[in-house]
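**Student:** Provided below: input06.pdb, containing PDB, C-alpha atoms, pLDDT in the B column.
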```pdb
ATOM      1  CA  MET O 137      10.758 -40.542  72.627  1.00 48.00           C
ATOM      2  CA  GLY O 138      11.484 -43.640  70.628  1.00 49.00           C
ATOM      3  CA  ARG O 139       8.473 -45.357  72.100  1.00 52.00           C
ATOM      4  CA  ARG O 140       6.174 -42.540  71.164  1.00 53.00           C
ATOM      5  CA  ASN O 141       7.174 -42.679  67.501  1.00 53.00           C
ATOM      6  CA  ARG O 142       6.563 -46.408  67.360  1.00 54.00           C
ATOM      7  CA  SER O 143       3.078 -46.142  68.835  1.00 54.00           C
ATOM      8  CA  ARG O 144       2.338 -43.212  66.562  1.00 57.00           C
ATOM      9  CA  LYS O 145       3.389 -45.229  63.524  1.00 56.00           C
ATOM     10  CA  GLY O 146       0.900 -47.935  64.421  1.00 57.00           C
ATOM     11  CA  GLN O 147      -1.784 -45.320  64.894  1.00 65.00           C
ATOM     12  CA  LEU O 148      -1.048 -43.821  61.462  1.00 74.00           C
ATOM     13  CA  VAL O 149      -1.441 -47.238  59.801  1.00 82.00           C
ATOM     14  CA  PHE O 150      -4.764 -47.747  61.591  1.00 83.00           C
ATOM     15  CA  GLU O 151      -5.973 -44.287  60.537  1.00 85.00           C
ATOM     16  CA  PHE O 152      -4.886 -45.011  56.964  1.00 87.00           C
ATOM     17  CA  VAL O 153      -6.851 -48.293  56.921  1.00 89.00           C
ATOM     18  CA  VAL O 154      -9.966 -46.548  58.264  1.00 91.00           C
ATOM     19  CA  ALA O 155      -9.592 -43.718  55.718  1.00 93.00           C
ATOM     20  CA  ALA O 156      -9.105 -46.229  52.884  1.00 94.00           C
ATOM     21  CA  ILE O 157     -12.233 -48.173  53.916  1.00 96.00           C
ATOM     22  CA  VAL O 158     -14.282 -44.958  54.115  1.00 96.00           C
ATOM     23  CA  PHE O 159     -12.948 -43.834  50.712  1.00 97.00           C
ATOM     24  CA  ILE O 160     -13.777 -47.178  49.087  1.00 97.00           C
ATOM     25  CA  GLY O 161     -17.262 -47.072  50.622  1.00 97.00           C
ATOM     26  CA  ILE O 162     -17.882 -43.581  49.239  1.00 97.00           C
ATOM     27  CA  VAL O 163     -16.633 -44.598  45.771  1.00 97.00           C
ATOM     28  CA  VAL O 164     -18.881 -47.691  45.739  1.00 96.00           C
ATOM     29  CA  PHE O 165     -21.881 -45.591  46.843  1.00 96.00           C
ATOM     30  CA  VAL O 166     -21.269 -42.948  44.163  1.00 95.00           C
ATOM     31  CA  LEU O 167     -20.793 -45.536  41.399  1.00 94.00           C
ATOM     32  CA  ASN O 168     -23.946 -47.393  42.432  1.00 92.00           C
ATOM     33  CA  THR O 169     -25.952 -44.157  42.457  1.00 90.00           C
ATOM     34  CA  LEU O 170     -24.593 -43.154  39.049  1.00 89.00           C
ATOM     35  CA  ASN O 171     -25.363 -46.580  37.601  1.00 87.00           C
ATOM     36  CA  SER O 172     -28.992 -46.528  38.712  1.00 85.00           C
ATOM     37  CA  THR O 173     -29.505 -42.900  37.637  1.00 85.00           C
ATOM     38  CA  VAL O 174     -27.860 -43.279  34.239  1.00 84.00           C
ATOM     39  CA  SER O 175     -29.949 -46.355  33.401  1.00 78.00           C
ATOM     40  CA  LEU O 176     -33.140 -44.379  34.091  1.00 79.00           C
ATOM     41  CA  PHE O 177     -32.014 -41.522  31.842  1.00 84.00           C
ATOM     42  CA  SER O 178     -30.807 -43.844  29.083  1.00 84.00           C
ATOM     43  CA  ASP O 179     -34.200 -45.614  29.009  1.00 83.00           C
ATOM     44  CA  ASP O 180     -35.937 -42.242  28.677  1.00 87.00           C
ATOM     45  CA  TYR O 181     -33.482 -41.196  25.971  1.00 89.00           C
ATOM     46  CA  LEU O 182     -34.001 -44.374  23.934  1.00 89.00           C
ATOM     47  CA  SER O 183     -37.784 -44.052  24.232  1.00 91.00           C
ATOM     48  CA  THR O 184     -37.664 -40.412  23.130  1.00 94.00           C
ATOM     49  CA  VAL O 185     -35.442 -41.224  20.148  1.00 93.00           C
ATOM     50  CA  GLN O 186     -37.805 -44.036  19.144  1.00 94.00           C
ATOM     51  CA  GLU O 187     -40.802 -41.694  19.302  1.00 96.00           C
ATOM     52  CA  SER O 188     -39.008 -39.039  17.251  1.00 96.00           C
ATOM     53  CA  LYS O 189     -38.101 -41.668  14.629  1.00 96.00           C
ATOM     54  CA  ALA O 190     -41.779 -42.673  14.360  1.00 97.00           C
ATOM     55  CA  ILE O 191     -42.857 -39.036  13.997  1.00 97.00           C
ATOM     56  CA  ALA O 192     -40.179 -38.360  11.374  1.00 96.00           C
ATOM     57  CA  ALA O 193     -41.151 -41.478   9.406  1.00 96.00           C
ATOM     58  CA  SER O 194     -44.819 -40.464   9.403  1.00 96.00           C
ATOM     59  CA  GLU O 195     -43.875 -36.943   8.259  1.00 95.00           C
ATOM     60  CA  ILE O 196     -41.808 -38.354   5.391  1.00 94.00           C
ATOM     61  CA  LEU O 197     -44.628 -40.639   4.283  1.00 95.00           C
ATOM     62  CA  VAL O 198     -47.497 -38.184   4.555  1.00 94.00           C
ATOM     63  CA  LYS O 199     -45.979 -34.834   3.595  1.00 93.00           C
ATOM     64  CA  THR O 200     -43.361 -35.615   0.949  1.00 90.00           C
ATOM     65  CA  ASN O 201     -43.937 -36.588  -2.638  1.00 84.00           C
ATOM     66  CA  GLY O 202     -40.484 -38.054  -3.304  1.00 80.00           C
ATOM     67  CA  SER O 203     -39.617 -41.674  -3.968  1.00 81.00           C
ATOM     68  CA  ILE O 204     -41.036 -42.891  -0.659  1.00 89.00           C
ATOM     69  CA  GLY O 205     -43.668 -40.279   0.224  1.00 92.00           C
ATOM     70  CA  PHE O 206     -47.398 -40.680  -0.398  1.00 94.00           C
ATOM     71  CA  ALA O 207     -48.315 -37.023  -0.894  1.00 93.00           C
ATOM     72  CA  ALA O 208     -49.731 -35.835  -4.186  1.00 90.00           C
ATOM     73  CA  ALA O 209     -50.316 -32.386  -2.687  1.00 86.00           C
ATOM     74  CA  TRP O 210     -50.762 -32.151   1.077  1.00 80.00           C
ATOM     75  CA  PRO O 211     -53.180 -33.321   2.490  1.00 88.00           C
ATOM     76  CA  VAL O 212     -54.025 -35.564  -0.481  1.00 94.00           C
ATOM     77  CA  LEU O 213     -52.296 -38.960  -0.666  1.00 95.00           C
ATOM     78  CA  SER O 214     -51.722 -40.653  -4.008  1.00 94.00           C
ATOM     79  CA  ALA O 215     -53.078 -44.188  -4.376  1.00 93.00           C
ATOM     80  CA  THR O 216     -50.402 -44.873  -7.021  1.00 93.00           C
ATOM     81  CA  LYS O 217     -47.589 -43.877  -4.645  1.00 94.00           C
ATOM     82  CA  MET O 218     -49.076 -45.958  -1.837  1.00 95.00           C
ATOM     83  CA  ALA O 219     -49.256 -49.001  -4.128  1.00 94.00           C
ATOM     84  CA  ALA O 220     -45.626 -48.461  -5.204  1.00 94.00           C
ATOM     85  CA  PHE O 221     -44.565 -48.144  -1.545  1.00 95.00           C
ATOM     86  CA  ASN O 222     -46.426 -51.347  -0.681  1.00 93.00           C
ATOM     87  CA  ALA O 223     -44.652 -53.194  -3.516  1.00 94.00           C
ATOM     88  CA  THR O 224     -41.258 -51.825  -2.449  1.00 94.00           C
ATOM     89  CA  CYS O 225     -41.924 -52.846   1.134  1.00 94.00           C
ATOM     90  CA  THR O 226     -42.911 -56.353   0.098  1.00 93.00           C
ATOM     91  CA  ASN O 227     -39.848 -56.826  -2.125  1.00 94.00           C
ATOM     92  CA  ALA O 228     -37.237 -54.681  -0.341  1.00 94.00           C
ATOM     93  CA  TYR O 229     -38.133 -53.995   3.285  1.00 95.00           C
ATOM     94  CA  GLU O 230     -34.537 -52.954   4.054  1.00 94.00           C
ATOM     95  CA  THR O 231     -34.794 -50.204   1.424  1.00 94.00           C
ATOM     96  CA  VAL O 232     -37.871 -48.812   3.186  1.00 94.00           C
ATOM     97  CA  ARG O 233     -36.042 -48.860   6.522  1.00 94.00           C
ATOM     98  CA  HIS O 234     -33.073 -47.104   4.918  1.00 94.00           C
ATOM     99  CA  ASP O 235     -35.225 -44.442   3.243  1.00 94.00           C
ATOM    100  CA  LEU O 236     -37.016 -43.760   6.544  1.00 95.00           C
ATOM    101  CA  ASP O 237     -33.664 -43.574   8.400  1.00 92.00           C
ATOM    102  CA  LEU O 238     -34.532 -46.514  10.650  1.00 93.00           C
ATOM    103  CA  LEU O 239     -31.399 -48.613  10.412  1.00 87.00           C
ATOM    104  CA  GLU O 240     -29.522 -48.649  13.728  1.00 86.00           C
ATOM    105  CA  LYS O 241     -30.685 -47.991  17.259  1.00 85.00           C
ATOM    106  CA  PRO O 242     -28.428 -45.866  19.471  1.00 80.00           C
ATOM    107  CA  ALA O 243     -27.942 -48.725  21.940  1.00 74.00           C
ATOM    108  CA  PHE O 244     -28.089 -52.003  20.029  1.00 81.00           C
ATOM    109  CA  GLY O 245     -29.830 -53.732  17.150  1.00 86.00           C
ATOM    110  CA  ASP O 246     -31.906 -52.277  14.352  1.00 90.00           C
ATOM    111  CA  TYR O 247     -35.203 -50.449  14.276  1.00 94.00           C
ATOM    112  CA  GLN O 248     -38.211 -52.208  12.813  1.00 95.00           C
ATOM    113  CA  VAL O 249     -41.144 -50.368  11.301  1.00 96.00           C
ATOM    114  CA  ARG O 250     -44.718 -51.185  10.375  1.00 97.00           C
ATOM    115  CA  VAL O 251     -46.825 -48.878   8.214  1.00 97.00           C
ATOM    116  CA  GLU O 252     -50.544 -49.226   7.602  1.00 96.00           C
ATOM    117  CA  VAL O 253     -52.793 -46.954   5.575  1.00 96.00           C
ATOM    118  CA  ALA O 254     -56.497 -47.638   5.774  1.00 96.00           C
ATOM    119  CA  ALA O 255     -59.738 -45.761   5.420  1.00 95.00           C
ATOM    120  CA  VAL O 256     -60.867 -44.219   8.684  1.00 93.00           C
ATOM    121  CA  ASP O 257     -64.131 -46.176   8.449  1.00 90.00           C
ATOM    122  CA  GLY O 258     -62.224 -49.429   7.798  1.00 84.00           C
ATOM    123  CA  SER O 259     -63.585 -49.987   4.293  1.00 85.00           C
ATOM    124  CA  LEU O 260     -60.201 -49.834   2.524  1.00 87.00           C
ATOM    125  CA  ASN O 261     -56.717 -51.116   3.372  1.00 91.00           C
ATOM    126  CA  ALA O 262     -54.260 -49.369   1.028  1.00 90.00           C
ATOM    127  CA  VAL O 263     -50.886 -50.192   2.643  1.00 94.00           C
ATOM    128  CA  SER O 264     -49.743 -52.940   4.976  1.00 95.00           C
ATOM    129  CA  CYS O 265     -45.964 -52.876   5.259  1.00 95.00           C
ATOM    130  CA  GLY O 266     -43.535 -54.466   7.671  1.00 95.00           C
ATOM    131  CA  PRO O 267     -43.448 -57.330  10.143  1.00 95.00           C
ATOM    132  CA  PRO O 268     -46.352 -57.917  12.532  1.00 95.00           C
ATOM    133  CA  LEU O 269     -46.334 -55.939  15.745  1.00 95.00           C
ATOM    134  CA  PRO O 270     -44.499 -57.794  18.513  1.00 94.00           C
ATOM    135  CA  LYS O 271     -45.957 -58.287  21.967  1.00 94.00           C
ATOM    136  CA  GLY O 272     -44.109 -57.147  25.070  1.00 91.00           C
ATOM    137  CA  VAL O 273     -41.901 -54.636  23.243  1.00 91.00           C
ATOM    138  CA  ASP O 274     -41.822 -50.867  23.686  1.00 91.00           C
ATOM    139  CA  LEU O 275     -43.542 -49.439  20.578  1.00 94.00           C
ATOM    140  CA  ALA O 276     -43.704 -45.862  19.389  1.00 96.00           C
ATOM    141  CA  ALA O 277     -46.900 -45.256  17.411  1.00 97.00           C
ATOM    142  CA  VAL O 278     -48.029 -42.291  15.325  1.00 97.00           C
ATOM    143  CA  ARG O 279     -51.378 -41.876  13.587  1.00 97.00           C
ATOM    144  CA  ARG O 280     -51.969 -39.243  10.910  1.00 96.00           C
ATOM    145  CA  ILE O 281     -55.168 -38.434   9.066  1.00 96.00           C
ATOM    146  CA  ALA O 282     -55.109 -37.360   5.413  1.00 95.00           C
ATOM    147  CA  LEU O 283     -57.295 -37.582   2.313  1.00 95.00           C
ATOM    148  CA  GLY O 284     -57.067 -40.132  -0.461  1.00 93.00           C
ATOM    149  CA  ASP O 285     -57.283 -39.343  -4.168  1.00 90.00           C
ATOM    150  CA  THR O 286     -61.046 -39.813  -4.002  1.00 90.00           C
ATOM    151  CA  GLY O 287     -61.481 -37.550  -0.977  1.00 92.00           C
ATOM    152  CA  MET O 288     -61.873 -40.479   1.443  1.00 94.00           C
ATOM    153  CA  PRO O 289     -60.267 -39.843   4.862  1.00 96.00           C
ATOM    154  CA  LEU O 290     -57.302 -42.158   5.418  1.00 96.00           C
ATOM    155  CA  ALA O 291     -55.488 -43.056   8.623  1.00 96.00           C
ATOM    156  CA  VAL O 292     -51.725 -43.503   8.250  1.00 96.00           C
ATOM    157  CA  GLN O 293     -50.285 -45.441  11.171  1.00 97.00           C
ATOM    158  CA  VAL O 294     -46.564 -45.885  11.784  1.00 97.00           C
ATOM    159  CA  TRP O 295     -45.096 -48.095  14.497  1.00 98.00           C
ATOM    160  CA  VAL O 296     -41.389 -48.159  15.326  1.00 97.00           C
ATOM    161  CA  TRP O 297     -39.700 -50.596  17.719  1.00 95.00           C
TER     162      TRP O 297
END
```
Could you express the structure from this file as structure tokens?

**Tutor:**
Amino acid sequence: MGRRNRSRKGQLVFEFVVAAIVFIGIVVFVLNTLNSTVSLFSDDYLSTVQESKAIAASEILVKTNGSIGFAAAWPVLSATKMAAFNATCTNAYETVRHDLDLLEKPAFGDYQVRVEVAAVDGSLNAVSCGPPLPKGVDLAAVRRIALGDTGMPLAVQVWVW
């Protein structure tokens, strides 16, 4: 009987090693799968948040008549308010980003925004605010159409990156 126990002990160690290797393999597989899946979902999440920020910024600019909004009475945009916004953007870009709630990204860094208001036919450029659009970066863009004080159709474009 003593010999049987000794050979059984060796067999138990071997079975333990095999079970440990299988367990480690399963854990590595699961972690790798989670890592690749989570990165796909996080990219979609960040893109969706960026798009919603661009939509919210365009809504604030076009439909509100507060300190940062252009609206005189929807859908009419005030030329005076657009000029004041342009001056604020030129002198205090960070204030514009703060007022549009575009300070920090969920993952890293800060949002940047560019706002342009121009006549639909291209004859007037009322607002040009923010840094130039970068190349090779994921941009969220929103275009809204409204009327100017004179009844001219204006295109309000907002880019967030």

**Student:** Assuming the chain letters and numbering stay as they are in my file, what does the PyMOL selection byres ((chain O and resi 221-237) around 12) actually select? List them as a PyMOL selection string.

**Tutor:** chain O and resi 186+188-197+200-207+214-220+238-241+246-253+261-267+294+296-297

**Student:** Taking only C-alpha atoms into account, name the residue in O:Glu187, O:Ala155, O:Leu213, O:Val174 that is nearest to Lys199 of chain O.

**Tutor:**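 Ranking O:Glu187, O:Ala155, O:Leu213, O:Val174 by distance to Lys199 of chain O, first place goes to O:Leu213.
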
**Student:** Using only the atoms of segment 276-292 of chain O listed in the file, plus 8 Å on each side, state the axis-aligned box centre and edge lengths in Å rounded to one decimal, as JSON.

**Tutor:**
```
{"center_x": -52.8, "center_y": -41.6, "center_z": 7.6, "size_x": 34.2, "size_y": 24.5, "size_z": 39.6}
```

**Student:** Restricting the calculation to all atoms listed in the file, which member of O:Val163, O:Ala282, O:Leu182, O:Leu269 is positioned closest to Trp210 of chain O?

**Tutor:**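 Smallest distance to Trp210 of chain O is found for O:Ala282.
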
**Student:** What is the atom CA of Asp257 of chain O-atom CA of Leu275 of chain O distance in Å, reported with one decimal?

**Tutor:**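 Here the two named atoms are 24.1 Å from each other.
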
**Student:** Mind giving me the straight-line distance from atom CA of Leu290 of chain O to atom CA of Val256 of chain O in Å, one decimal?

**Tutor:** 5.3 Å
